[in-house]
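K.L.:
Okay, handing you the structure first.
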Amino acid sequence: MEFYQRQDPKVKIKIQYVLELIRQVDRVPEKFLKHLTGTRGLYEIRVEHQSNTYRIFCCFDEEKLVVLFHGFQKKSQKTPLKEIEKAKKIMHDYFQSKNNGNGKN
């Protein structure tokens, strides 16, 4: 949420557009949603605005998209390993919490 709040209004509109596209389309183009190679169940939502690239990590839980509340502005060709590791931890904690009965359905 903090990542989203820090963005320019035009970037927020673009993020909302991509999230709505993902919600409505059965087969989302890889340009907007891509599985990260070498990760189990981790995806990145891809947002581009002007010359800036943004990534928001997500996964699926019982066929529903779960946004993992971790996003960043991408500044290099590859997604930084540090960002992937952080997202994997958040995803692990989400499912751990859910399996322990502490998560909301």
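So you can find residues: chains in the structure tokens are A, B, ... in the order shown, residues in each start at 1, and ligands are numbered from 1 in order.
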Using only C-alpha atoms, which protein or nucleic acid residues come within 8 Å of region 28-31 of chain A? Drop anything in the same chain fewer than 4 positions from it, and give the result as a PyMOL selection string.
P.N.:
chain A and resi 21-22+46
K.L.:
Pull N, CA, C and O atoms from the residues just selected and write them as an mmCIF file, in the first residue's frame.
P.N.:
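The new file part.cif reads:
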data_model
loop_
_atom_site.group_PDB
_atom_site.id
_atom_site.type_symbol
_atom_site.label_atom_id
_atom_site.label_comp_id
_atom_site.auth_asym_id
_atom_site.auth_seq_id
_atom_site.Cartn_x
_atom_site.Cartn_y
_atom_site.Cartn_z
ATOM 1 N N LEU A 21 -7.331 -5.040 -15.638
ATOM 2 C CA LEU A 21 -7.127 -5.929 -16.781
ATOM 3 C C LEU A 21 -6.923 -7.370 -16.302
ATOM 4 O O LEU A 21 -7.540 -8.306 -16.817
ATOM 5 N N ILE A 22 -6.084 -7.535 -15.289
ATOM 6 C CA ILE A 22 -5.818 -8.866 -14.743
ATOM 7 C C ILE A 22 -7.107 -9.475 -14.180
ATOM 8 O O ILE A 22 -7.368 -10.661 -14.341
ATOM 9 N N ARG A 46 3.375 -6.140 -14.084
ATOM 10 C CA ARG A 46 4.304 -5.262 -14.788
ATOM 11 C C ARG A 46 3.573 -4.001 -15.238
ATOM 12 O O ARG A 46 2.587 -4.080 -15.960
#
K.L.:
Considering only C-alpha atoms, return as a list in words whatever protein or nucleic-acid residues lie within 9 Å of Lys88 (chain A), sequence-local ones (same chain, fewer than 5 positions apart) excluded.
P.N.:
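The residues that qualify are Thr39, Arg40, Leu42, Phe57, Glu83 and Asp93 of chain A.
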K.L.:
I'd like the neighbourhood of region 66-71 of chain A as a ChimeraX atom specification, where a residue qualifies if any of its atoms comes within 10 Å (using only C-alpha atoms), though same-chain residues fewer than 2 positions away should be ignored.
P.N.:
/A:1-4,19,42-46,54-64,73-74,83-84,86-88,90-91,94
K.L.:
So that I can check the surroundings of Gln50 (chain A), please list as a PyMOL selection string every protein, DNA and RNA residue that reaches within 12 Å of it, counting only C-alpha atoms and ignoring chain neighbours fewer than 5 positions away.
P.N.:
chain A and resi 8+10-11+14
K.L.:
Taking the DSSP secondary structure from the backbone, can you list the residues of region 4-78 of chain A that are strand (DSSP E or B), as an MDAnalysis selection string?
P.N.:
chainID A and resid 33:35 43:49 52:61 64:74
K.L.:
Residues near Lys75 (chain A), anyone? I mean within 9 Å using only C-alpha atoms, not counting same-chain ones fewer than 2 positions away, as a list of chain:residue names.
P.N.:
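The residues that qualify are A:Asn52, A:Thr53, A:Tyr54, A:Gln73, A:Gln77, A:Lys78, A:Thr79.
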K.L.:
Can you write just those residues out, N, CA, C and O atoms, as a CSV table (one decimal), in the first residue's frame?
P.N.:
chain,number,residue,atom,x,y,z
A,52,ASN,N,9.4,4.7,-17.3
A,52,ASN,CA,9.6,4.1,-16.0
A,52,ASN,C,8.9,2.7,-16.0
A,52,ASN,O,7.9,2.5,-16.6
A,53,THR,N,9.6,1.8,-15.3
A,53,THR,CA,9.0,0.4,-15.2
A,53,THR,C,8.8,0.1,-13.7
A,53,THR,O,9.7,0.4,-12.9
A,54,TYR,N,7.7,-0.4,-13.4
A,54,TYR,CA,7.3,-0.7,-12.0
A,54,TYR,C,6.9,-2.2,-11.9
A,54,TYR,O,6.4,-2.8,-12.9
A,73,GLN,N,10.2,0.4,-8.2
A,73,GLN,CA,10.5,0.9,-9.5
A,73,GLN,C,11.8,0.2,-10.0
A,73,GLN,O,12.8,0.2,-9.4
A,77,GLN,N,17.7,-4.1,-16.1
A,77,GLN,CA,17.1,-5.1,-17.1
A,77,GLN,C,16.5,-6.3,-16.3
A,77,GLN,O,15.4,-6.7,-16.6
A,78,LYS,N,17.2,-6.8,-15.3
A,78,LYS,CA,16.7,-7.9,-14.6
A,78,LYS,C,16.1,-7.5,-13.3
A,78,LYS,O,16.5,-6.5,-12.7
A,79,THR,N,15.1,-8.3,-12.8
A,79,THR,CA,14.5,-8.0,-11.5
A,79,THR,C,15.6,-8.3,-10.4
A,79,THR,O,16.1,-9.4,-10.4
K.L.:
So how many Å separate CA of Pro9 (chain A) and CA of Pro80 (chain A), to one decimal?
P.N.:
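Distance reported for this atom pair: 25.5 Å.
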